[in-house]
file query15.txt (compact mmCIF, C-alpha atoms and all ligand atoms)
# COMPACT_ATOMS: atom_id res chain seq x y z
CA MET A 1153 11.89 -27.13 7.68
CA GLU A 1154 12.31 -23.54 8.62
CA GLU A 1155 9.10 -21.52 8.57
CA LYS A 1156 9.03 -18.45 6.41
CA LYS A 1157 8.31 -15.15 8.09
CA ARG A 1158 4.93 -13.62 7.41
CA ILE A 1159 4.36 -10.31 5.67
CA PHE A 1160 1.08 -8.40 5.69
CA SER A 1161 0.28 -5.24 3.78
CA GLY A 1162 -2.51 -3.52 1.95
CA MET A 1163 -3.72 -0.35 0.28
CA GLN A 1164 -7.00 1.48 0.49
CA PRO A 1165 -9.08 1.48 -2.68
CA SER A 1166 -9.68 5.18 -2.29
CA GLY A 1167 -8.30 6.26 -5.67
CA GLU A 1168 -6.31 5.25 -8.69
CA LEU A 1169 -2.93 3.58 -8.15
CA THR A 1170 -0.01 5.62 -9.47
CA LEU A 1171 3.63 5.18 -10.37
CA GLY A 1172 4.25 6.32 -6.78
CA ASN A 1173 2.36 3.33 -5.34
CA TYR A 1174 4.17 1.08 -7.79
CA LEU A 1175 7.73 2.21 -7.09
CA GLY A 1176 7.12 2.95 -3.41
CA ALA A 1177 5.26 -0.23 -2.48
CA LEU A 1178 4.12 -2.73 -5.11
CA LYS A 1179 7.55 -3.37 -6.62
CA ASN A 1180 8.77 -4.22 -3.14
CA TRP A 1181 5.80 -6.46 -2.38
CA ILE A 1182 6.52 -8.46 -5.52
CA LYS A 1183 10.14 -9.01 -4.57
CA LEU A 1184 9.18 -10.23 -1.10
CA GLN A 1185 6.96 -13.03 -2.41
CA ASP A 1186 9.70 -15.64 -2.74
CA GLU A 1187 11.36 -15.11 0.58
CA TYR A 1188 8.27 -14.65 2.77
CA ASP A 1189 4.71 -15.84 3.27
CA CYS A 1190 2.94 -12.76 1.96
CA MET A 1191 -0.62 -11.59 2.39
CA TYR A 1192 -1.84 -8.57 0.44
CA SER A 1193 -5.28 -7.18 1.02
CA VAL A 1194 -7.53 -4.48 -0.40
CA MET A 1195 -8.46 -2.39 2.66
CA ASN A 1196 -12.04 -1.52 1.78
CA MET A 1197 -13.12 -1.34 5.44
CA HIS A 1198 -10.59 1.41 6.06
CA ALA A 1199 -11.78 3.27 2.95
CA ILE A 1200 -15.22 3.99 4.41
CA THR A 1201 -13.76 6.17 7.18
CA VAL A 1202 -14.22 8.90 4.58
CA ARG A 1203 -17.35 9.18 2.44
CA GLN A 1204 -17.32 6.91 -0.60
CA GLU A 1205 -19.73 6.61 -3.47
CA PRO A 1206 -20.82 2.94 -3.14
CA ALA A 1207 -20.70 1.99 -6.82
CA GLU A 1208 -17.31 3.68 -7.16
CA LEU A 1209 -15.93 1.91 -4.09
CA ARG A 1210 -17.02 -1.49 -5.40
CA LYS A 1211 -15.51 -0.81 -8.82
CA ARG A 1212 -12.26 0.59 -7.48
CA SER A 1213 -11.80 -2.25 -4.99
CA MET A 1214 -11.91 -4.71 -7.86
CA GLU A 1215 -9.53 -2.56 -9.90
CA VAL A 1216 -7.01 -2.37 -7.09
CA LEU A 1217 -7.03 -6.14 -6.67
CA MET A 1218 -6.52 -6.61 -10.42
CA GLN A 1219 -3.74 -4.02 -10.40
CA TYR A 1220 -1.96 -5.93 -7.61
CA MET A 1221 -2.15 -9.02 -9.83
CA ALA A 1222 -1.18 -7.18 -13.01
CA CYS A 1223 1.94 -5.82 -11.32
CA GLY A 1224 3.04 -9.31 -10.44
CA ILE A 1225 1.51 -10.29 -7.11
CA ASP A 1226 1.15 -13.98 -7.83
CA PRO A 1227 -1.82 -15.79 -6.25
CA GLU A 1228 0.20 -19.00 -6.33
CA LYS A 1229 2.69 -17.42 -3.96
CA SER A 1230 0.73 -14.82 -1.99
CA ILE A 1231 -2.68 -14.64 -0.35
CA LEU A 1232 -4.79 -11.95 -2.02
CA PHE A 1233 -8.15 -10.88 -0.58
CA PHE A 1234 -10.62 -8.16 0.29
CA GLN A 1235 -10.52 -7.10 3.94
CA SER A 1236 -14.33 -7.19 4.25
CA HIS A 1237 -14.38 -10.87 3.19
CA VAL A 1238 -12.80 -11.91 6.47
CA PRO A 1239 -15.17 -10.75 9.25
CA ALA A 1240 -12.51 -11.54 11.86
CA HIS A 1241 -10.94 -8.13 11.09
CA ALA A 1242 -13.97 -6.36 12.54
CA GLU A 1243 -14.25 -8.85 15.39
CA LEU A 1244 -10.67 -8.50 16.55
CA ALA A 1245 -10.84 -4.74 16.09
CA TRP A 1246 -13.56 -4.62 18.75
CA VAL A 1247 -11.46 -6.51 21.28
CA LEU A 1248 -8.41 -4.38 20.50
CA SER A 1249 -10.41 -1.16 20.81
CA CYS A 1250 -11.02 -2.18 24.41
CA ASN A 1251 -7.25 -2.41 24.77
CA ALA A 1252 -6.37 0.90 23.15
CA GLN A 1253 -6.48 4.23 24.92
CA MET A 1254 -8.30 7.37 23.76
CA GLY A 1255 -5.12 9.31 24.50
CA GLU A 1256 -2.85 7.30 22.25
CA LEU A 1257 -5.39 7.33 19.43
CA SER A 1258 -5.79 11.11 19.62
CA ARG A 1259 -2.04 11.50 19.11
CA MET A 1260 -2.12 9.90 15.66
CA THR A 1261 -1.08 12.50 13.10
CA GLN A 1262 -3.14 10.87 10.34
CA PHE A 1263 -6.27 11.28 12.48
CA LYS A 1264 -5.44 14.93 13.10
CA ASP A 1265 -4.79 15.56 9.39
CA LYS A 1266 -7.89 13.75 8.23
CA SER A 1267 -10.14 15.44 10.78
CA LYS A 1268 -8.97 18.77 9.43
CA LYS A 1269 -9.52 17.67 5.86
CA HIS A 1270 -12.95 16.13 6.53
CA ALA A 1271 -14.16 18.48 9.27
CA ASP A 1272 -17.81 17.72 8.42
CA ASN A 1273 -17.38 13.98 9.00
CA ILE A 1274 -15.13 13.23 11.97
CA ASN A 1275 -16.68 9.83 12.55
CA ALA A 1276 -15.73 7.30 15.23
CA GLY A 1277 -14.26 5.01 12.57
CA LEU A 1278 -11.77 7.67 11.57
CA PHE A 1279 -10.65 7.76 15.19
CA THR A 1280 -10.39 3.96 15.62
CA TYR A 1281 -8.85 3.47 12.16
CA PRO A 1282 -5.47 2.45 13.65
CA VAL A 1283 -7.16 -0.19 15.82
CA LEU A 1284 -8.62 -1.85 12.74
CA MET A 1285 -5.17 -1.66 11.17
CA ALA A 1286 -3.68 -3.34 14.25
CA ALA A 1287 -6.31 -6.08 13.90
CA ASP A 1288 -5.34 -6.59 10.22
CA ILE A 1289 -1.76 -7.19 11.19
CA LEU A 1290 -2.11 -9.08 14.47
CA LEU A 1291 -4.76 -11.51 13.17
CA TYR A 1292 -2.16 -13.07 10.90
CA GLN A 1293 0.71 -12.97 13.38
CA ALA A 1294 2.64 -10.94 10.82
CA ASP A 1295 6.36 -10.51 11.46
CA LEU A 1296 6.90 -7.68 8.99
CA VAL A 1297 4.71 -4.94 7.57
CA PRO A 1298 5.96 -3.07 4.49
CA VAL A 1299 4.62 0.49 4.75
CA GLY A 1300 5.55 4.02 3.86
CA ASN A 1301 6.81 6.52 6.42
CA ASP A 1302 3.34 7.95 6.87
CA GLN A 1303 2.21 4.65 8.43
CA LEU A 1304 5.09 4.14 10.86
CA GLN A 1305 3.16 5.71 13.73
CA HIS A 1306 0.35 3.20 13.18
CA ILE A 1307 2.79 0.29 13.26
CA GLU A 1308 4.27 1.64 16.49
CA LEU A 1309 0.76 1.74 17.99
CA THR A 1310 0.11 -1.81 16.76
CA ARG A 1311 3.26 -2.91 18.59
CA ASP A 1312 2.14 -1.12 21.76
CA ILE A 1313 -1.29 -2.77 21.65
CA ALA A 1314 0.24 -6.21 20.98
CA ASN A 1315 2.75 -5.88 23.81
CA ARG A 1316 0.09 -4.65 26.21
CA PHE A 1317 -2.26 -7.51 25.32
CA ASN A 1318 0.51 -10.12 25.60
CA HIS A 1319 1.51 -8.72 28.96
CA HIS A 1320 -2.05 -8.77 30.28
CA TYR A 1321 -3.34 -12.05 28.90
CA GLY A 1322 -0.18 -14.03 28.15
CA ASP A 1323 1.63 -14.51 24.86
CA THR A 1324 -0.94 -14.15 22.08
CA PHE A 1325 0.37 -11.95 19.28
CA THR A 1326 3.58 -11.73 17.29
CA VAL A 1327 4.86 -8.18 17.75
CA PRO A 1328 5.34 -6.93 14.17
CA GLU A 1329 8.06 -4.73 12.76
CA PRO A 1330 7.84 -2.24 9.93
CA TYR A 1331 9.67 -3.25 6.79
CA ILE A 1332 11.27 -0.40 4.93
CA GLY A 1333 12.33 -1.56 1.47
CA LYS A 1334 15.79 -0.63 0.20
CA ALA A 1335 14.46 0.70 -3.07
CA GLY A 1336 11.53 2.43 -1.43
CA ALA A 1337 11.55 5.29 -3.90
CA ARG A 1338 9.55 8.32 -2.85
CA VAL A 1339 8.01 9.58 -6.04
CA MET A 1340 6.97 13.23 -6.23
CA SER A 1341 4.47 15.01 -8.46
CA LEU A 1342 5.70 15.71 -11.99
CA GLN A 1343 4.09 19.16 -11.84
CA SER A 1344 4.83 20.25 -8.26
CA PRO A 1345 7.81 18.13 -7.21
CA GLU A 1346 7.67 19.39 -3.63
CA ASN A 1347 4.50 17.26 -3.15
CA LYS A 1348 4.16 13.49 -3.15
CA MET A 1349 2.78 12.02 -6.39
CA SER A 1350 -0.87 11.50 -5.63
CA LYS A 1351 -3.99 10.35 -7.34
CA SER A 1352 -5.82 13.29 -5.81
CA ASP A 1353 -3.60 15.75 -7.70
CA PRO A 1354 -6.02 18.13 -9.47
CA ASN A 1355 -3.60 18.27 -12.41
CA PRO A 1356 -3.53 14.83 -14.09
CA ASN A 1357 -0.15 15.69 -15.59
CA GLY A 1358 1.24 15.52 -12.06
CA TYR A 1359 0.82 11.79 -11.73
CA VAL A 1360 1.26 8.69 -13.85
CA TRP A 1361 -1.57 6.23 -13.51
CA LEU A 1362 -0.44 2.60 -13.48
CA LEU A 1363 -2.59 1.94 -16.54
CA ASP A 1364 -1.83 5.07 -18.57
CA PRO A 1365 -1.06 4.19 -22.22
CA GLU A 1366 2.56 4.54 -23.31
CA GLU A 1367 2.12 7.73 -25.30
CA VAL A 1368 0.33 9.40 -22.37
CA ILE A 1369 3.15 8.43 -20.01
CA ILE A 1370 5.80 9.83 -22.35
CA LYS A 1371 3.82 13.03 -22.82
CA LYS A 1372 3.49 13.51 -19.04
CA PHE A 1373 7.26 13.14 -18.60
CA LYS A 1374 7.95 15.55 -21.45
CA ARG A 1375 5.82 18.12 -19.61
CA ALA A 1376 7.42 17.45 -16.22
CA VAL A 1377 8.49 20.57 -14.34
CA THR A 1378 12.28 20.96 -14.05
CA ASP A 1379 14.23 24.21 -13.54
CA SER A 1380 15.91 26.98 -15.51
CA GLU A 1381 19.33 25.30 -15.60
CA SER A 1382 20.18 22.50 -17.98
CA GLU A 1383 22.31 20.17 -15.90
CA VAL A 1384 20.95 16.69 -15.10
CA ARG A 1385 22.05 16.51 -11.49
CA ALA A 1386 20.31 15.52 -8.24
CA SER A 1387 20.27 18.31 -5.70
CA GLU A 1388 17.95 19.78 -3.12
CA ASP A 1389 17.39 22.95 -5.11
CA LYS A 1390 16.49 20.89 -8.18
CA PRO A 1391 13.47 18.90 -6.93
CA GLY A 1392 12.03 18.25 -10.40
CA VAL A 1393 15.22 16.86 -11.91
CA THR A 1394 15.98 14.92 -8.72
CA ASN A 1395 12.55 13.29 -8.86
CA LEU A 1396 13.06 12.26 -12.48
CA LEU A 1397 16.46 10.80 -11.63
CA THR A 1398 14.95 8.88 -8.70
CA ILE A 1399 12.23 7.48 -10.94
CA TYR A 1400 14.71 6.54 -13.66
CA ALA A 1401 16.98 4.82 -11.13
CA ALA A 1402 14.10 2.90 -9.52
CA VAL A 1403 12.79 1.70 -12.87
CA THR A 1404 16.14 0.71 -14.41
CA GLY A 1405 17.78 -0.60 -11.25
CA LYS A 1406 20.66 1.86 -11.72
CA THR A 1407 21.88 4.23 -9.03
CA VAL A 1408 21.16 7.95 -9.21
CA GLU A 1409 24.91 8.57 -9.76
CA GLU A 1410 24.95 6.19 -12.71
CA ALA A 1411 21.91 7.93 -14.13
CA GLU A 1412 23.57 11.34 -13.72
CA LYS A 1413 26.61 10.10 -15.65
CA GLU A 1414 24.46 8.64 -18.38
CA PHE A 1415 22.82 12.02 -19.04
CA ALA A 1416 25.84 14.25 -18.44
CA GLY A 1417 26.04 16.99 -21.05
CA GLN A 1418 22.61 16.19 -22.46
CA GLY A 1419 19.67 18.56 -22.35
CA TYR A 1420 16.50 18.14 -20.32
CA GLY A 1421 14.55 17.25 -23.46
CA THR A 1422 16.53 14.06 -24.13
CA PHE A 1423 16.58 13.21 -20.44
CA LYS A 1424 12.82 13.57 -19.97
CA GLN A 1425 12.13 11.54 -23.09
CA ALA A 1426 14.40 8.73 -21.81
CA VAL A 1427 12.74 8.65 -18.37
CA GLY A 1428 9.30 8.58 -20.02
CA GLU A 1429 10.31 5.73 -22.27
CA ALA A 1430 11.80 3.73 -19.41
CA VAL A 1431 8.62 4.12 -17.32
CA ALA A 1432 6.38 3.33 -20.31
CA ALA A 1433 8.40 0.16 -21.00
CA GLU A 1434 8.13 -0.92 -17.37
CA LEU A 1435 4.38 -0.37 -17.22
CA ALA A 1436 3.45 -1.74 -20.66
CA PRO A 1437 3.31 -5.39 -19.49
CA VAL A 1438 1.33 -4.32 -16.40
CA ARG A 1439 -1.30 -2.75 -18.62
CA LYS A 1440 -1.38 -5.77 -20.90
CA ARG A 1441 -1.88 -8.19 -18.00
CA TYR A 1442 -4.53 -5.92 -16.54
CA GLU A 1443 -6.49 -5.99 -19.79
CA GLU A 1444 -6.33 -9.80 -19.82
CA LEU A 1445 -7.49 -10.01 -16.21
CA ALA A 1446 -10.33 -7.57 -16.80
CA LYS A 1447 -11.65 -10.01 -19.40
CA ASP A 1448 -11.38 -12.99 -17.05
CA LYS A 1449 -13.73 -12.14 -14.19
CA ALA A 1450 -14.16 -15.82 -13.28
CA TYR A 1451 -10.45 -16.25 -12.62
CA VAL A 1452 -10.18 -13.05 -10.59
CA GLU A 1453 -13.17 -14.12 -8.51
CA GLU A 1454 -11.61 -17.51 -7.89
CA VAL A 1455 -8.43 -15.79 -6.67
CA TYR A 1456 -10.08 -13.50 -4.12
CA LYS A 1457 -12.51 -16.15 -2.88
CA LYS A 1458 -9.73 -18.66 -2.34
CA GLY A 1459 -7.62 -15.90 -0.78
CA ALA A 1460 -10.33 -15.02 1.74
CA GLU A 1461 -10.84 -18.66 2.60
CA THR A 1462 -7.15 -19.21 3.34
CA ALA A 1463 -6.90 -15.93 5.22
CA ALA A 1464 -9.97 -16.76 7.32
CA LYS A 1465 -8.41 -20.04 8.48
CA ILE A 1466 -5.40 -18.21 9.88
CA ALA A 1467 -7.49 -15.34 11.23
CA TYR A 1468 -10.00 -17.47 13.13
CA LYS A 1469 -7.23 -19.45 14.75
CA THR A 1470 -5.90 -16.22 16.24
CA LEU A 1471 -9.36 -14.90 17.10
CA GLY A 1472 -10.25 -18.17 18.88
CA LYS A 1473 -7.11 -17.85 20.95
CA VAL A 1474 -7.94 -14.23 21.80
CA TYR A 1475 -11.53 -15.08 22.83
CA ARG A 1476 -10.25 -17.86 25.12
CA LYS A 1477 -7.66 -15.61 26.70
CA ILE A 1478 -10.07 -12.79 27.47
CA GLY A 1479 -12.66 -15.11 29.00
CA PHE A 1480 -15.41 -15.48 26.39
CA VAL A 1481 -17.39 -18.70 26.82
CA ALA A 1482 -16.55 -21.22 24.09
CA ARG A 1483 -19.34 -21.77 21.58
N1 LIG B 1501 -3.37 2.51 6.52
C1 LIG B 1501 -2.72 1.98 5.36
C2 LIG B 1501 -2.53 3.11 4.34
O1 LIG B 1501 -3.35 3.99 4.24
C3 LIG B 1501 -3.51 0.86 4.74
C4 LIG B 1501 -3.58 -0.29 5.67
C5 LIG B 1501 -4.67 -0.70 6.36
C6 LIG B 1501 -2.53 -1.18 6.00
N2 LIG B 1501 -4.38 -1.82 7.11
C7 LIG B 1501 -3.07 -2.12 6.92
C8 LIG B 1501 -1.19 -1.26 5.64
C9 LIG B 1501 -2.29 -3.15 7.47
C10 LIG B 1501 -0.41 -2.28 6.19
C11 LIG B 1501 -0.95 -3.20 7.11
O2 LIG B 1501 -1.59 3.06 3.59

call {"tool": "encode", "arguments": {"input": "query15.txt", "output": "structure tokens"}}
result
Amino acid sequence: MEEKKRIFSGMQPSGELTLGNYLGALKNWIKLQDEYDCMYSVMNMHAITVRQEPAELRKRSMEVLMQYMACGIDPEKSILFFQSHVPAHAELAWVLSCNAQMGELSRMTQFKDKSKKHADNINAGLFTYPVLMAADILLYQADLVPVGNDQLQHIELTRDIANRFNHHYGDTFTVPEPYIGKAGARVMSLQSPENKMSKSDPNPNGYVWLLDPEEVIIKKFKRAVTDSESEVRASEDKPGVTNLLTIYAAVTGKTVEEAEKEFAGQGYGTFKQAVGEAVAAELAPVRKRYEELAKDKAYVEEVYKKGAETAAKIAYKTLGKVYRKIGFVAR
């Protein structure tokens, strides 16, 4: 029997999940479940590299896990768990930090951006963040890592660390590759379409929350910023309309060209209403499943406990191998 390739990915529970996370990542993760051995984790250890309110972090971590499930990550097919439930992540991160160079870590653009944004809290964890991320991936011998463009530099570093370790200590880690989904739609803000749709948008009309009720979703699309023309056409000087076309195409499975044809000669009002309705229809079952899950705490708990147990088995096999290779005395 041919072994399936392994996929690892995760999101930080540092805010609400949006339509951007859904179309850019989650929809892809769901599709990959049949073809690959998938592991999806809630990266709560990464989240504390910036200040978090403890009660909020705990609540949001749970919500993110339930949103993974509500979107269609199936615990029968994929391993779902909280990063902090498998201590091997922290343990391998230490070993890898002794195999990562200050110089390469200081070149990470995310570190530079975040140190500017959180100038009062440039902690050591923010600096070694990519080492923990390398540990997440290498622990499970992942072949492929679905990530957005902003994480490609971290995957490249993970590959460098893995290659360096393998070279030094003998073959230990699978060297992972980034997986860029075909339909990896980049969703922009509905209010300022030159920026990525983000949960930290000060204007809530800019983003669609995964669990927004249908009428709220439709209202947000009706208010979406477009331009002073009236032609439904994708073009660089029409970022608002282009974004709406991208969203419509991603949700319906049509191409942008097909969508353009469908709305040819129609005004923005009709177009925006149709996009809103399509998104609302796509997210309605997600919200329904979420509400069911929120009522079934026992089941959710069973899922993440079982997930952590399965993950730990794989993780400690790798960590044992690493400890042997580097010369730690067996216990
Ligand atoms: N850094 C990723 C992000 O912010 C989250 C993450 C942490 C991750 N560990 C990972 C993604 C391992 C993929 C694989 O999006």

call {"tool": "residues_around", "arguments": {"input": "query15.txt", "residues": "Glu1367 in chain A", "least_positions_apart": "5", "cutoff": "9 Å", "atoms": "all atoms listed in the file", "output": "VMD selection string"}}
result
chain A and resid 1372 1428 to 1429 1432

call {"tool": "write_last_selection", "arguments": {"input": "query15.txt", "atoms": "C-alpha atoms", "output": "tab-separated table (two decimals), in the frame of the given file"}}
result
chain	number	residue	atom	x	y	z
A	1372	LYS	CA	3.49	13.51	-19.04
A	1428	GLY	CA	9.30	8.58	-20.02
A	1429	GLU	CA	10.31	5.73	-22.27
A	1432	ALA	CA	6.38	3.33	-20.31

call {"tool": "closest_atom_pairs", "arguments": {"input": "query15.txt", "of": "chain A", "to": "ligand LIG 1501 (chain B)", "cutoff": "6 Å", "atoms": "only C-alpha atoms and all ligand atoms", "output": "Markdown table"}}
result
| residue | atom | partner | partner_atom | distance |
| --- | --- | --- | --- | --- |
| A:Phe1160 | CA | B:LIG1501 | C11 | 5.8 |
| A:Ser1161 | CA | B:LIG1501 | C10 | 3.9 |
| A:Gly1162 | CA | B:LIG1501 | C8 | 4.5 |
| A:Met1163 | CA | B:LIG1501 | C3 | 4.6 |
| A:Gln1164 | CA | B:LIG1501 | C3 | 5.5 |
| A:Met1195 | CA | B:LIG1501 | C5 | 5.6 |
| A:Met1285 | CA | B:LIG1501 | N2 | 4.1 |
| A:Asp1288 | CA | B:LIG1501 | C9 | 5.4 |
| A:Ile1289 | CA | B:LIG1501 | C9 | 5.5 |
| A:Val1297 | CA | B:LIG1501 | C10 | 5.9 |
| A:Val1299 | CA | B:LIG1501 | C10 | 5.9 |

call {"tool": "atom_distance", "arguments": {"input": "query15.txt", "atom1": "CA of Glu1256 in chain A", "atom2": "CA of Ile1313 in chain A"}}
result
10.2 Å

call {"tool": "residues_around", "arguments": {"input": "query15.txt", "residues": "Cys1190 in chain A", "least_positions_apart": "6", "cutoff": "10 Å", "atoms": "all atoms listed in the file", "output": "list of chain:residue names"}}
result
A:Lys1156, A:Lys1157, A:Arg1158, A:Ile1159, A:Phe1160, A:Ser1161, A:Trp1181, A:Ile1182, A:Leu1184, A:Ile1225, A:Pro1227, A:Lys1229, A:Ser1230, A:Ile1231, A:Leu1232, A:Ala1294, A:Leu1296, A:Val1297

call {"tool": "closest_residue", "arguments": {"input": "query15.txt", "among": "A:Phe1415, A:Tyr1400, A:Tyr1281, A:Phe1233", "to": "Ala1337 in chain A", "atoms": "all atoms listed in the file"}}
result
A:Tyr1400

call {"tool": "axis_aligned_box", "arguments": {"input": "query15.txt", "around": "range 1465-1471 of chain A", "padding_each_side": "8 Å", "output": "JSON"}}
result
{"center_x": -7.7, "center_y": -17.5, "center_z": 12.8, "size_x": 20.6, "size_y": 21.1, "size_z": 24.6}

call {"tool": "residues_around", "arguments": {"input": "query15.txt", "residues": "Ile1332 in chain A", "least_positions_apart": "2", "cutoff": "10 Å", "atoms": "only C-alpha atoms", "output": "ChimeraX atom specification"}}
result
/A:1176-1177,1180,1296-1301,1304,1329-1330,1334-1336

call {"tool": "closest_residue", "arguments": {"input": "query15.txt", "among": "A:Ile1399, A:Ala1411, A:Glu1434, A:Gly1392", "to": "Arg1338 in chain A", "atoms": "only C-alpha atoms"}}
result
A:Ile1399

call {"tool": "build_atoms", "arguments": {"input": "query15.txt", "residues": "range 1381-1388 of chain A", "atoms": "all heavy atoms", "output": "short mmCIF file (atom, residue, chain, number, x, y, z; two decimals), in the frame of the given file"}}
result
data_model
loop_
_atom_site.label_atom_id
_atom_site.label_comp_id
_atom_site.auth_asym_id
_atom_site.auth_seq_id
_atom_site.Cartn_x
_atom_site.Cartn_y
_atom_site.Cartn_z
N GLU A 1381 17.98 25.71 -15.18
CA GLU A 1381 19.33 25.30 -15.60
C GLU A 1381 19.21 24.27 -16.71
O GLU A 1381 18.14 24.08 -17.28
CB GLU A 1381 20.07 24.67 -14.42
CG GLU A 1381 20.30 25.61 -13.27
CD GLU A 1381 21.01 24.91 -12.12
OE1 GLU A 1381 21.52 23.79 -12.31
OE2 GLU A 1381 21.03 25.50 -11.04
N SER A 1382 20.31 23.55 -16.97
CA SER A 1382 20.18 22.50 -17.98
C SER A 1382 20.99 21.27 -17.57
O SER A 1382 21.19 20.37 -18.36
CB SER A 1382 20.65 23.03 -19.33
OG SER A 1382 22.00 23.43 -19.21
N GLU A 1383 21.44 21.26 -16.32
CA GLU A 1383 22.31 20.17 -15.90
C GLU A 1383 21.49 19.06 -15.22
O GLU A 1383 20.76 19.34 -14.27
CB GLU A 1383 23.35 20.73 -14.92
CG GLU A 1383 24.57 19.86 -14.80
CD GLU A 1383 25.48 20.36 -13.68
OE1 GLU A 1383 25.35 21.54 -13.28
OE2 GLU A 1383 26.30 19.56 -13.22
N VAL A 1384 21.65 17.83 -15.70
CA VAL A 1384 20.95 16.69 -15.10
C VAL A 1384 21.73 16.23 -13.87
O VAL A 1384 22.68 15.47 -13.96
CB VAL A 1384 20.79 15.53 -16.11
CG1 VAL A 1384 20.06 14.36 -15.47
CG2 VAL A 1384 20.05 16.01 -17.34
N ARG A 1385 21.31 16.75 -12.72
CA ARG A 1385 22.05 16.51 -11.49
C ARG A 1385 21.04 16.52 -10.34
O ARG A 1385 20.14 17.35 -10.30
CB ARG A 1385 23.06 17.65 -11.32
CG ARG A 1385 23.86 17.67 -10.04
CD ARG A 1385 24.93 18.75 -10.09
NE ARG A 1385 24.39 20.09 -10.39
CZ ARG A 1385 23.92 20.92 -9.48
NH1 ARG A 1385 23.89 20.61 -8.21
NH2 ARG A 1385 23.45 22.12 -9.83
N ALA A 1386 21.20 15.56 -9.40
CA ALA A 1386 20.31 15.52 -8.24
C ALA A 1386 20.81 16.52 -7.21
O ALA A 1386 21.99 16.55 -6.88
CB ALA A 1386 20.30 14.12 -7.64
N SER A 1387 19.89 17.35 -6.74
CA SER A 1387 20.27 18.31 -5.70
C SER A 1387 19.00 18.89 -5.09
O SER A 1387 17.95 18.91 -5.73
CB SER A 1387 21.17 19.39 -6.31
OG SER A 1387 20.73 20.67 -5.97
N GLU A 1388 19.13 19.33 -3.85
CA GLU A 1388 17.95 19.78 -3.12
C GLU A 1388 17.24 20.93 -3.80
O GLU A 1388 16.02 21.05 -3.75
CB GLU A 1388 18.35 20.19 -1.70
CG GLU A 1388 17.63 19.36 -0.66
CD GLU A 1388 18.13 19.70 0.72
OE1 GLU A 1388 17.70 20.76 1.22
OE2 GLU A 1388 18.93 18.92 1.27
#
